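Heads up, my_file_26.pdb below (PDB, C-alpha atoms and all ligand atoms):
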```
ATOM      1  CA  MET A   1      12.630  -1.417  -3.854  1.00  0.00           C
ATOM      2  CA  CYS A   2      14.655  -1.569  -0.638  1.00  0.00           C
ATOM      3  CA  GLN A   3      17.606   0.084  -2.342  1.00  0.00           C
ATOM      4  CA  ALA A   4      15.397   2.689  -3.981  1.00  0.00           C
ATOM      5  CA  THR A   5      13.880   3.547  -0.614  1.00  0.00           C
ATOM      6  CA  ARG A   6      17.276   3.910   0.984  1.00  0.00           C
ATOM      7  CA  ASP A   7      19.102   5.729  -1.804  1.00  0.00           C
ATOM      8  CA  ILE A   8      16.378   7.932  -3.238  1.00  0.00           C
ATOM      9  CA  LEU A   9      13.950   8.585  -0.382  1.00  0.00           C
ATOM     10  CA  TRP A  10      15.854   8.080   2.880  1.00  0.00           C
ATOM     11  CA  ALA A  11      19.206   9.635   1.901  1.00  0.00           C
ATOM     12  CA  PRO A  12      17.873  13.192   1.414  1.00  0.00           C
ATOM     13  CA  ALA A  13      15.437  12.931   4.365  1.00  0.00           C
ATOM     14  CA  ALA A  14      17.668  11.241   6.942  1.00  0.00           C
ATOM     15  CA  SER A  15      19.043  14.432   8.449  1.00  0.00           C
ATOM     16  CA  TRP A  16      15.509  15.841   8.896  1.00  0.00           C
ATOM     17  CA  VAL A  17      14.301  12.574  10.442  1.00  0.00           C
ATOM     18  CA  ARG A  18      17.271  12.585  12.812  1.00  0.00           C
ATOM     19  CA  LYS A  19      16.468  16.117  13.899  1.00  0.00           C
ATOM     20  CA  GLN A  20      13.232  14.730  15.314  1.00  0.00           C
ATOM     21  CA  ASN A  21      14.796  11.537  16.562  1.00  0.00           C
ATOM     22  CA  GLN A  22      18.564  11.612  16.911  1.00  0.00           C
ATOM     23  CA  CYS A  23      19.744   8.126  16.167  1.00  0.00           C
ATOM     24  CA  ALA A  24      16.837   6.815  14.127  1.00  0.00           C
ATOM     25  CA  GLY A  25      17.878   4.054  11.781  1.00  0.00           C
ATOM     26  CA  LEU A  26      16.150   2.364   8.891  1.00  0.00           C
ATOM     27  CA  VAL A  27      15.969  -1.339   8.121  1.00  0.00           C
ATOM     28  CA  LEU A  28      14.443  -2.508   4.842  1.00  0.00           C
ATOM     29  CA  ARG A  29      13.484  -6.058   4.121  1.00  0.00           C
ATOM     30  CA  VAL A  30      11.464  -8.283   1.835  1.00  0.00           C
ATOM     31  CA  GLY A  31       8.801 -10.451   3.429  1.00  0.00           C
ATOM     32  CA  SER A  32       7.507 -13.671   1.929  1.00  0.00           C
ATOM     33  CA  GLY A  33       3.766 -12.856   2.151  1.00  0.00           C
ATOM     34  CA  GLN A  34       1.583  -9.958   1.016  1.00  0.00           C
ATOM     35  CA  ALA A  35       2.113  -7.849   4.115  1.00  0.00           C
ATOM     36  CA  THR A  36       3.737  -4.516   3.294  1.00  0.00           C
ATOM     37  CA  TYR A  37       4.128  -2.000   6.075  1.00  0.00           C
ATOM     38  CA  HIS A  38       6.166   0.518   8.012  1.00  0.00           C
ATOM     39  CA  ARG A  39       6.739  -0.039  11.705  1.00  0.00           C
ATOM     40  CA  TYR A  40       8.792   1.786  14.288  1.00  0.00           C
ATOM     41  CA  ASP A  41      10.599   0.019  17.080  1.00  0.00           C
ATOM     42  CA  PRO A  42      11.082   2.574  19.895  1.00  0.00           C
ATOM     43  CA  ARG A  43      13.488   0.331  21.792  1.00  0.00           C
ATOM     44  CA  LYS A  44      15.942   0.033  18.922  1.00  0.00           C
ATOM     45  CA  LYS A  45      15.007   3.477  17.564  1.00  0.00           C
ATOM     46  CA  GLN A  46      14.558   1.802  14.261  1.00  0.00           C
ATOM     47  CA  HIS A  47      12.176   2.239  11.369  1.00  0.00           C
ATOM     48  CA  LEU A  48      11.379  -1.003   9.590  1.00  0.00           C
ATOM     49  CA  ILE A  49       9.833  -1.158   6.139  1.00  0.00           C
ATOM     50  CA  THR A  50       8.777  -4.553   4.799  1.00  0.00           C
ATOM     51  CA  TYR A  51       7.856  -5.176   1.175  1.00  0.00           C
ATOM     52  CA  GLY A  52       5.921  -8.408   0.705  1.00  0.00           C
ATOM     53  CA  ALA A  53       6.995 -10.596  -2.211  1.00  0.00           C
ATOM     54  CA  ARG A  54       3.385 -11.581  -2.841  1.00  0.00           C
ATOM     55  CA  MET A  55       2.372  -7.930  -2.893  1.00  0.00           C
ATOM     56  CA  ILE A  56       4.923  -7.394  -5.674  1.00  0.00           C
ATOM     57  CA  ALA A  57       3.545 -10.385  -7.576  1.00  0.00           C
ATOM     58  CA  ALA A  58      -0.029  -9.141  -7.107  1.00  0.00           C
ATOM     59  CA  LYS A  59       0.852  -5.744  -8.572  1.00  0.00           C
ATOM     60  CA  HIS A  60       1.904  -7.366 -11.844  1.00  0.00           C
ATOM     61  CA  GLN A  61      -1.650  -7.960 -13.151  1.00  0.00           C
ATOM     62  CA  PRO A  62      -4.645  -5.619 -13.190  1.00  0.00           C
ATOM     63  CA  GLU A  63      -6.991  -8.230 -11.686  1.00  0.00           C
ATOM     64  CA  THR A  64      -4.874  -8.683  -8.577  1.00  0.00           C
ATOM     65  CA  ALA A  65      -3.573  -5.102  -8.438  1.00  0.00           C
ATOM     66  CA  GLN A  66      -6.931  -3.402  -8.247  1.00  0.00           C
ATOM     67  CA  GLY A  67      -7.746  -4.162  -4.619  1.00  0.00           C
ATOM     68  CA  TRP A  68      -4.604  -2.467  -3.340  1.00  0.00           C
ATOM     69  CA  LEU A  69      -4.693   0.951  -1.784  1.00  0.00           C
ATOM     70  CA  SER A  70      -1.741   2.040  -3.946  1.00  0.00           C
ATOM     71  CA  THR A  71      -3.807   1.425  -7.105  1.00  0.00           C
ATOM     72  CA  ARG A  72      -6.621   3.558  -5.753  1.00  0.00           C
ATOM     73  CA  GLU A  73      -4.224   6.291  -4.659  1.00  0.00           C
ATOM     74  CA  ILE A  74      -2.609   6.541  -8.087  1.00  0.00           C
ATOM     75  CA  ARG A  75      -6.009   6.737  -9.775  1.00  0.00           C
ATOM     76  CA  SER A  76      -7.843   8.967  -7.345  1.00  0.00           C
ATOM     77  CA  ARG A  77      -5.014  11.363  -6.482  1.00  0.00           C
ATOM     78  CA  GLY A  78      -3.584  11.551  -9.984  1.00  0.00           C
ATOM     79  CA  TYR A  79      -0.089  10.390  -9.063  1.00  0.00           C
ATOM     80  CA  PHE A  80       1.994   9.574 -12.166  1.00  0.00           C
ATOM     81  CA  GLU A  81      -0.779  11.214 -14.221  1.00  0.00           C
ATOM     82  CA  GLY A  82      -3.192   8.665 -12.806  1.00  0.00           C
ATOM     83  CA  GLU A  83      -1.564   5.879 -14.788  1.00  0.00           C
ATOM     84  CA  VAL A  84      -1.379   2.473 -13.112  1.00  0.00           C
ATOM     85  CA  SER A  85       1.417   0.185 -14.320  1.00  0.00           C
ATOM     86  CA  VAL A  86       3.735  -2.310 -12.653  1.00  0.00           C
ATOM     87  CA  LEU A  87       6.517   0.259 -12.530  1.00  0.00           C
ATOM     88  CA  ASN A  88       4.285   3.039 -11.182  1.00  0.00           C
ATOM     89  CA  LEU A  89       2.721   0.772  -8.578  1.00  0.00           C
ATOM     90  CA  LEU A  90       6.051  -0.409  -7.210  1.00  0.00           C
ATOM     91  CA  ALA A  91       7.538   3.098  -7.170  1.00  0.00           C
ATOM     92  CA  HIS A  92       4.401   4.388  -5.480  1.00  0.00           C
ATOM     93  CA  THR A  93       4.527   1.595  -2.911  1.00  0.00           C
ATOM     94  CA  CYS A  94       8.019   2.764  -1.869  1.00  0.00           C
ATOM     95  CA  CYS A  95       6.634   6.288  -1.493  1.00  0.00           C
ATOM     96  CA  HIS A  96       3.567   5.121   0.417  1.00  0.00           C
ATOM     97  CA  GLU A  97       5.615   3.276   3.018  1.00  0.00           C
ATOM     98  CA  PHE A  98       8.149   6.061   3.210  1.00  0.00           C
ATOM     99  CA  ALA A  99       5.342   8.575   3.771  1.00  0.00           C
ATOM    100  CA  HIS A 100       4.434   6.519   6.849  1.00  0.00           C
ATOM    101  CA  LEU A 101       8.008   6.926   8.079  1.00  0.00           C
ATOM    102  CA  LEU A 102       7.813  10.700   7.576  1.00  0.00           C
ATOM    103  CA  GLN A 103       4.378  10.815   9.183  1.00  0.00           C
ATOM    104  CA  HIS A 104       5.658   8.868  12.176  1.00  0.00           C
ATOM    105  CA  SER A 105       8.712  11.115  12.492  1.00  0.00           C
ATOM    106  CA  ALA A 106       6.443  14.150  12.547  1.00  0.00           C
ATOM    107  CA  GLY A 107       4.472  12.548  15.383  1.00  0.00           C
ATOM    108  CA  GLN A 108       1.342  12.272  13.247  1.00  0.00           C
ATOM    109  CA  ARG A 109       0.678   8.566  13.202  1.00  0.00           C
ATOM    110  CA  HIS A 110      -2.169   7.802  15.536  1.00  0.00           C
ATOM    111  CA  TYR A 111      -3.918   4.603  16.382  1.00  0.00           C
ATOM    112  CA  GLY A 112      -7.065   4.232  14.324  1.00  0.00           C
ATOM    113  CA  SER A 113      -6.079   7.013  11.921  1.00  0.00           C
ATOM    114  CA  VAL A 114      -3.161   5.809   9.884  1.00  0.00           C
ATOM    115  CA  HIS A 115      -4.049   7.173   6.457  1.00  0.00           C
ATOM    116  CA  ASN A 116      -4.854  10.614   7.770  1.00  0.00           C
ATOM    117  CA  ARG A 117      -4.406  14.138   6.426  1.00  0.00           C
ATOM    118  CA  HIS A 118      -0.774  14.285   7.581  1.00  0.00           C
ATOM    119  CA  PHE A 119      -0.011  11.036   5.823  1.00  0.00           C
ATOM    120  CA  TYR A 120      -1.412  12.343   2.530  1.00  0.00           C
ATOM    121  CA  GLU A 121       0.441  15.638   2.905  1.00  0.00           C
ATOM    122  CA  ALA A 122       3.685  13.677   3.154  1.00  0.00           C
ATOM    123  CA  LEU A 123       2.737  11.422   0.235  1.00  0.00           C
ATOM    124  CA  ASP A 124       1.666  14.356  -1.973  1.00  0.00           C
ATOM    125  CA  GLU A 125       4.955  16.062  -1.208  1.00  0.00           C
ATOM    126  CA  LEU A 126       6.940  12.989  -2.290  1.00  0.00           C
ATOM    127  CA  HIS A 127       5.121  13.115  -5.623  1.00  0.00           C
ATOM    128  CA  HIS A 128       5.245  16.903  -6.116  1.00  0.00           C
ATOM    129  CA  SER A 129       8.904  17.211  -5.170  1.00  0.00           C
ATOM    130  CA  GLY A 130       9.993  14.737  -7.844  1.00  0.00           C
ATOM    131  CA  ALA A 131      11.080  12.078  -5.335  1.00  0.00           C
ATOM    132  CA  ALA A 132       8.449   9.665  -6.644  1.00  0.00           C
ATOM    133  CA  ASN A 133       9.655  10.136 -10.217  1.00  0.00           C
ATOM    134  CA  ALA A 134      13.251   9.666  -9.127  1.00  0.00           C
ATOM    135  CA  THR A 135      12.232   6.430  -7.395  1.00  0.00           C
ATOM    136  CA  ARG A 136      10.444   5.266 -10.536  1.00  0.00           C
ATOM    137  CA  LEU A 137      13.474   6.006 -12.695  1.00  0.00           C
ATOM    138  CA  TYR A 138      15.811   4.292 -10.256  1.00  0.00           C
ATOM    139  CA  LEU A 139      13.647   1.157 -10.130  1.00  0.00           C
ATOM    140  CA  ALA A 140      13.432   1.044 -13.922  1.00  0.00           C
ATOM    141  CA  GLU A 141      17.204   1.378 -14.291  1.00  0.00           C
ATOM    142  CA  GLN A 142      18.082  -1.127 -11.581  1.00  0.00           C
ATOM    143  CA  ALA A 143      15.576  -3.652 -12.893  1.00  0.00           C
ATOM    144  CA  SER A 144      16.782  -3.442 -16.455  1.00  0.00           C
ATOM    145  CA  GLY A 145      20.357  -3.789 -15.183  1.00  0.00           C
ATOM    146  CA  CYS A 146      19.325  -7.091 -13.567  1.00  0.00           C
ATOM    147  CA  GLY A 147      17.308  -8.238 -16.567  1.00  0.00           C
ATOM    148  CA  ILE A 148      13.952  -7.861 -14.774  1.00  0.00           C
ATOM    149  CA  GLU A 149      11.129  -6.420 -16.806  1.00  0.00           C
ATOM    150  CA  LEU A 150       9.076  -3.808 -14.957  1.00  0.00           C
ATOM    151  CA  SER A 151       6.442  -2.779 -17.428  1.00  0.00           C
ATOM    152  CA  ALA A 152       5.464   0.867 -17.722  1.00  0.00           C
ATOM    153  CA  GLY A 153       2.476  -0.108 -19.892  1.00  0.00           C
ATOM    154  CA  PRO A 154      -0.748   1.178 -18.316  1.00  0.00           C
ATOM    155  CA  PHE A 155      -3.142  -1.410 -16.921  1.00  0.00           C
ATOM    156  CA  GLU A 156      -6.627  -1.754 -18.265  1.00  0.00           C
ATOM    157  CA  PHE A 157      -9.023  -2.627 -15.515  1.00  0.00           C
ATOM    158  CA  PRO A 158     -11.959  -4.961 -16.068  1.00  0.00           C
ATOM    159  CA  SER A 159     -15.366  -3.338 -16.437  1.00  0.00           C
ATOM    160  CA  PRO A 160     -17.610  -3.372 -13.357  1.00  0.00           C
ATOM    161  CA  ALA A 161     -19.715  -6.132 -14.938  1.00  0.00           C
ATOM    162  CA  ALA A 162     -16.664  -8.345 -15.340  1.00  0.00           C
ATOM    163  CA  GLU A 163     -15.581  -7.482 -11.805  1.00  0.00           C
ATOM    164  CA  HIS A 164     -18.898  -8.643 -10.536  1.00  0.00           C
ATOM    165  CA  ARG A 165     -18.448 -12.103 -12.082  1.00  0.00           C
ATOM    166  CA  HIS A 166     -15.076 -12.371 -10.432  1.00  0.00           C
ATOM    167  CA  TRP A 167     -16.526 -13.118  -6.974  1.00  0.00           C
ATOM    168  CA  GLN A 168     -18.489 -16.003  -5.508  1.00  0.00           C
ATOM    169  CA  VAL A 169     -20.112 -16.767  -2.190  1.00  0.00           C
ATOM    170  CA  GLY A 170     -17.541 -18.448   0.017  1.00  0.00           C
ATOM    171  CA  ASP A 171     -14.488 -16.627  -1.381  1.00  0.00           C
ATOM    172  CA  SER A 172     -11.928 -15.606   1.218  1.00  0.00           C
ATOM    173  CA  VAL A 173     -11.101 -11.964   0.725  1.00  0.00           C
ATOM    174  CA  VAL A 174      -9.133  -9.131   2.247  1.00  0.00           C
ATOM    175  CA  PHE A 175      -9.837  -5.428   2.110  1.00  0.00           C
ATOM    176  CA  ASP A 176      -8.496  -2.310   3.693  1.00  0.00           C
ATOM    177  CA  ASP A 177     -10.871  -0.049   5.583  1.00  0.00           C
ATOM    178  CA  GLY A 178      -8.328   2.779   5.556  1.00  0.00           C
ATOM    179  CA  ARG A 179      -6.965   1.838   8.952  1.00  0.00           C
ATOM    180  CA  ARG A 180      -6.089  -1.786   8.698  1.00  0.00           C
ATOM    181  CA  GLU A 181      -6.452  -4.864   6.588  1.00  0.00           C
ATOM    182  CA  ILE A 182      -9.491  -6.999   7.283  1.00  0.00           C
ATOM    183  CA  GLN A 183     -10.010 -10.594   6.248  1.00  0.00           C
ATOM    184  CA  GLY A 184     -13.423 -12.122   5.727  1.00  0.00           C
ATOM    185  CA  GLN A 185     -15.657 -14.264   3.612  1.00  0.00           C
ATOM    186  CA  VAL A 186     -18.066 -13.329   0.841  1.00  0.00           C
ATOM    187  CA  VAL A 187     -21.635 -14.233   1.781  1.00  0.00           C
ATOM    188  CA  ARG A 188     -23.395 -12.326  -0.970  1.00  0.00           C
ATOM    189  CA  VAL A 189     -22.405 -10.800  -4.307  1.00  0.00           C
ATOM    190  CA  ASN A 190     -24.326  -7.593  -5.011  1.00  0.00           C
ATOM    191  CA  ARG A 191     -24.210  -5.421  -8.124  1.00  0.00           C
ATOM    192  CA  LYS A 192     -21.460  -3.063  -6.956  1.00  0.00           C
ATOM    193  CA  THR A 193     -20.434  -4.565  -3.642  1.00  0.00           C
ATOM    194  CA  CYS A 194     -19.950  -7.846  -1.876  1.00  0.00           C
ATOM    195  CA  THR A 195     -21.361  -8.526   1.557  1.00  0.00           C
ATOM    196  CA  VAL A 196     -18.460  -9.862   3.593  1.00  0.00           C
ATOM    197  CA  THR A 197     -18.611 -11.356   7.062  1.00  0.00           C
ATOM    198  CA  VAL A 198     -15.703 -10.874   9.401  1.00  0.00           C
ATOM    199  CA  SER A 199     -15.391 -12.672  12.693  1.00  0.00           C
ATOM    200  CA  GLN A 200     -13.880 -10.510  15.363  1.00  0.00           C
ATOM    201  CA  HIS A 201     -13.655 -11.279  19.063  1.00  0.00           C
ATOM    202  CA  ALA A 202     -16.331 -13.976  18.794  1.00  0.00           C
ATOM    203  CA  ARG A 203     -18.687 -11.603  16.958  1.00  0.00           C
ATOM    204  CA  ILE A 204     -19.649 -11.703  13.314  1.00  0.00           C
ATOM    205  CA  LEU A 205     -19.518  -8.320  11.599  1.00  0.00           C
ATOM    206  CA  ARG A 206     -20.974  -7.664   8.145  1.00  0.00           C
ATOM    207  CA  TYR A 207     -19.460  -5.226   5.704  1.00  0.00           C
ATOM    208  CA  ARG A 208     -20.624  -4.124   2.279  1.00  0.00           C
ATOM    209  CA  VAL A 209     -17.378  -3.718   0.418  1.00  0.00           C
ATOM    210  CA  PRO A 210     -17.095  -2.040  -3.019  1.00  0.00           C
ATOM    211  CA  LEU A 211     -15.834  -4.565  -5.582  1.00  0.00           C
ATOM    212  CA  SER A 212     -12.812  -2.429  -6.384  1.00  0.00           C
ATOM    213  CA  LEU A 213     -11.562  -2.707  -2.802  1.00  0.00           C
ATOM    214  CA  LEU A 214     -11.648  -6.482  -2.594  1.00  0.00           C
ATOM    215  CA  ARG A 215      -8.778  -8.776  -3.206  1.00  0.00           C
ATOM    216  CA  ARG A 216      -8.400 -12.449  -2.825  1.00  0.00           C
ATOM    217  CA  ALA A 217      -6.897 -13.635   0.456  1.00  0.00           C
ATOM    218  CA  ALA A 218      -3.638 -15.487  -0.055  1.00  0.00           C
ATOM    219  CA  ALA A 219      -3.996 -19.201   0.542  1.00  0.00           C
ATOM    220  CA  ALA A 220      -2.508 -20.084   3.887  1.00  0.00           C
TER     221      ALA A 220
HETATM  222 ZN    ZN A 301      -0.385   2.707   4.471  1.00  0.00          ZN
END
```
If you convert what's in this file into structure tokens, what do you get?
Ligand SMILES: [Zn+2]
Amino acid sequence: MCQATRDILWAPAASWVRKQNQCAGLVLRVGSGQATYHRYDPRKKQHLITYGARMIAAKHQPETAQGWLSTREIRSRGYFEGEVSVLNLLAHTCCHEFAHLLQHSAGQRHYGSVHNRHFYEALDELHHSGAANATRLYLAEQASGCGIELSAGPFEFPSPAAEHRHWQVGDSVVFDDGRREIQGQVVRVNRKTCTVTVSQHARILRYRVPLSLLRRAAAA
């Protein structure tokens, strides 16, 4: 995924990015946890994209893939014909993080509004221009060259009733409110949502989170 980001997405965009920011560099790395993000270090003039190993593992099964924003984006925005598979998820994840880099370079990443209109314009463009497909092809080829199977078979997601049984009071969960990832605990399982409490600055906040947005918090 790091190589795909560098060779397929960064290579054609680097000169544009450097027009905005002359000596901007890009560092790609794999993290050990779930955390997957783009960050910019103004001191080093360096973009950093981290792909979490546990994120990659989670995107290998429908049950653990469904809480991720990338799953929802593929389904709701019709990327890759709306088909969610391991290969599509990982290719899309490269595009998602790279869209943050483009968004940042255009000066359109603002605190509290990360997944904004500008972000989705950049992400749509990566899909419409063929860059997402090129990334997908590259990942498939590189993986098969290394003997790693990245399935292109579409996921079947559990029915809402089965989803409902998946959660229990006391479960530690994470969800994304569109701005950041929030960790909390299930205090009630409703028909289509879970009530989740989140402690923040010595206050307890309650959220009603749609089942499809929840995922299990990684054990510490
Ligand atoms: Zn994002």
Compute the set of protein, DNA and RNA residues whose minimum atom distance to ligand ZN 301 (chain A) is at most 10 Å, using all atoms listed in the file, and state it as a ChimeraX atom specification. /A:36-38,69-70,93,95-100,114-116,119-120,176,178-181
State, in Å with one decimal place, the distance from CA of Leu139 (chain A) to CA of Leu87 (chain A).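 Here the two named atoms are 7.6 Å from each other.
The interatomic distance for the pair CA of Arg43 (chain A) and CA of Ser105 (chain A) works out to 15.0 Å.
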List the neighbours of Val189 (chain A) out to 8 Å using only C-alpha atoms; skip same-chain residues closer than 3 positions along the sequence, and give me the result as JSON, numbers by chain. {"A": [164, 167, 168, 169, 186, 193, 194, 195]}
Expected file: the selected residues, C-alpha atoms, as a CSV table (one decimal), keeping the file's coordinate frame:
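That gives us selection-v1.csv:
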```
chain,number,residue,atom,x,y,z
A,164,HIS,CA,-18.9,-8.6,-10.5
A,167,TRP,CA,-16.5,-13.1,-7.0
A,168,GLN,CA,-18.5,-16.0,-5.5
A,169,VAL,CA,-20.1,-16.8,-2.2
A,186,VAL,CA,-18.1,-13.3,0.8
A,193,THR,CA,-20.4,-4.6,-3.6
A,194,CYS,CA,-20.0,-7.8,-1.9
A,195,THR,CA,-21.4,-8.5,1.6
```
Nearest residue to Ala218 (chain A) from the set A:Gly130, A:Gly25, A:Gly184, A:Gly112 (distances using only C-alpha atoms): A:Gly184
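Closest approach to Leu9 (chain A) from the set A:Lys59, A:Arg188, A:Arg136, A:Arg203 is made by A:Arg136, with distances taken over all atoms listed in the file.
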Starting from the PyMOL selection byres (((chain A and resi 61) around 12) and not hetatm), expand the selection into actual residues of this file and give them as a PyMOL selection string. chain A and resi 55-60+62-68+71+84-87+89+150-151+153-158
Using CA of Arg39 (chain A) and CA of Gln3 (chain A) as the two end points, give the distance in Å to one decimal. 17.8 Å
Take the point (-23.0, -0.8, -4.9) in the file's coordinates, draw a sphere of radius 10 Å around it, and report as a list in words every protein, DNA or RNA residue with an atom inside or on it, counting only C-alpha atoms.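 Applying the cut-off with only C-alpha atoms, one gets Asn190, Arg191, Lys192, Thr193, Cys194, Arg208, Val209, Pro210 and Leu211 of chain A.
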Measuring between only C-alpha atoms, which one of A:Ala202, A:Ile182, A:Leu213, A:Leu126 shows the shortest distance to Pro12 (chain A)? A:Leu126
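Residues matched by the PyMOL selection byres (((chain A and resi 14) around 12) and not hetatm) in this file: A:Thr5, A:Arg6, A:Asp7, A:Ile8, A:Leu9, A:Trp10, A:Ala11, A:Pro12, A:Ala13, A:Ser15, A:Trp16, A:Val17, A:Arg18, A:Lys19, A:Gln20, A:Asn21, A:Gln22, A:Cys23, A:Ala24, A:Gly25, A:Leu26, A:His47, A:Phe98, A:Leu101, A:Leu102, A:Ser105.
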Suppose we keep C-alpha atoms; can you now write the selection as an mmCIF file, in the coordinates of the input?
```
data_model
loop_
_atom_site.group_PDB
_atom_site.id
_atom_site.type_symbol
_atom_site.label_atom_id
_atom_site.label_comp_id
_atom_site.auth_asym_id
_atom_site.auth_seq_id
_atom_site.Cartn_x
_atom_site.Cartn_y
_atom_site.Cartn_z
ATOM 1 C CA THR A 5 13.880 3.547 -0.614
ATOM 2 C CA ARG A 6 17.276 3.910 0.984
ATOM 3 C CA ASP A 7 19.102 5.729 -1.804
ATOM 4 C CA ILE A 8 16.378 7.932 -3.238
ATOM 5 C CA LEU A 9 13.950 8.585 -0.382
ATOM 6 C CA TRP A 10 15.854 8.080 2.880
ATOM 7 C CA ALA A 11 19.206 9.635 1.901
ATOM 8 C CA PRO A 12 17.873 13.192 1.414
ATOM 9 C CA ALA A 13 15.437 12.931 4.365
ATOM 10 C CA SER A 15 19.043 14.432 8.449
ATOM 11 C CA TRP A 16 15.509 15.841 8.896
ATOM 12 C CA VAL A 17 14.301 12.574 10.442
ATOM 13 C CA ARG A 18 17.271 12.585 12.812
ATOM 14 C CA LYS A 19 16.468 16.117 13.899
ATOM 15 C CA GLN A 20 13.232 14.730 15.314
ATOM 16 C CA ASN A 21 14.796 11.537 16.562
ATOM 17 C CA GLN A 22 18.564 11.612 16.911
ATOM 18 C CA CYS A 23 19.744 8.126 16.167
ATOM 19 C CA ALA A 24 16.837 6.815 14.127
ATOM 20 C CA GLY A 25 17.878 4.054 11.781
ATOM 21 C CA LEU A 26 16.150 2.364 8.891
ATOM 22 C CA HIS A 47 12.176 2.239 11.369
ATOM 23 C CA PHE A 98 8.149 6.061 3.210
ATOM 24 C CA LEU A 101 8.008 6.926 8.079
ATOM 25 C CA LEU A 102 7.813 10.700 7.576
ATOM 26 C CA SER A 105 8.712 11.115 12.492
#
```
With all atoms listed in the file as the counted atoms, please give the residues lying no more than 10 Å from Ala35 (chain A), apart from itself and same-chain residues fewer than 2 positions off, as a PyMOL selection string. chain A and resi 30-33+37+50-55+181
Nearest to Asp124 (chain A), chosen from A:Leu205, A:Ile74, A:Val27, A:Leu48, with all atoms listed in the file counted in the distances: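 That would be A:Ile74, the residue with the smallest distance to Asp124 (chain A).
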My list of candidates is A:Glu121, A:Tyr111, A:Gln34, A:Leu28. Which is closest to Gln46 (chain A) when distances are computed with all atoms listed in the file? A:Leu28
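With only C-alpha atoms as the atoms that count, the minimum distance from Val196 (chain A) to the choices A:Ala4, A:Ala131, A:Ala152, A:Val173 is reached by A:Val173.
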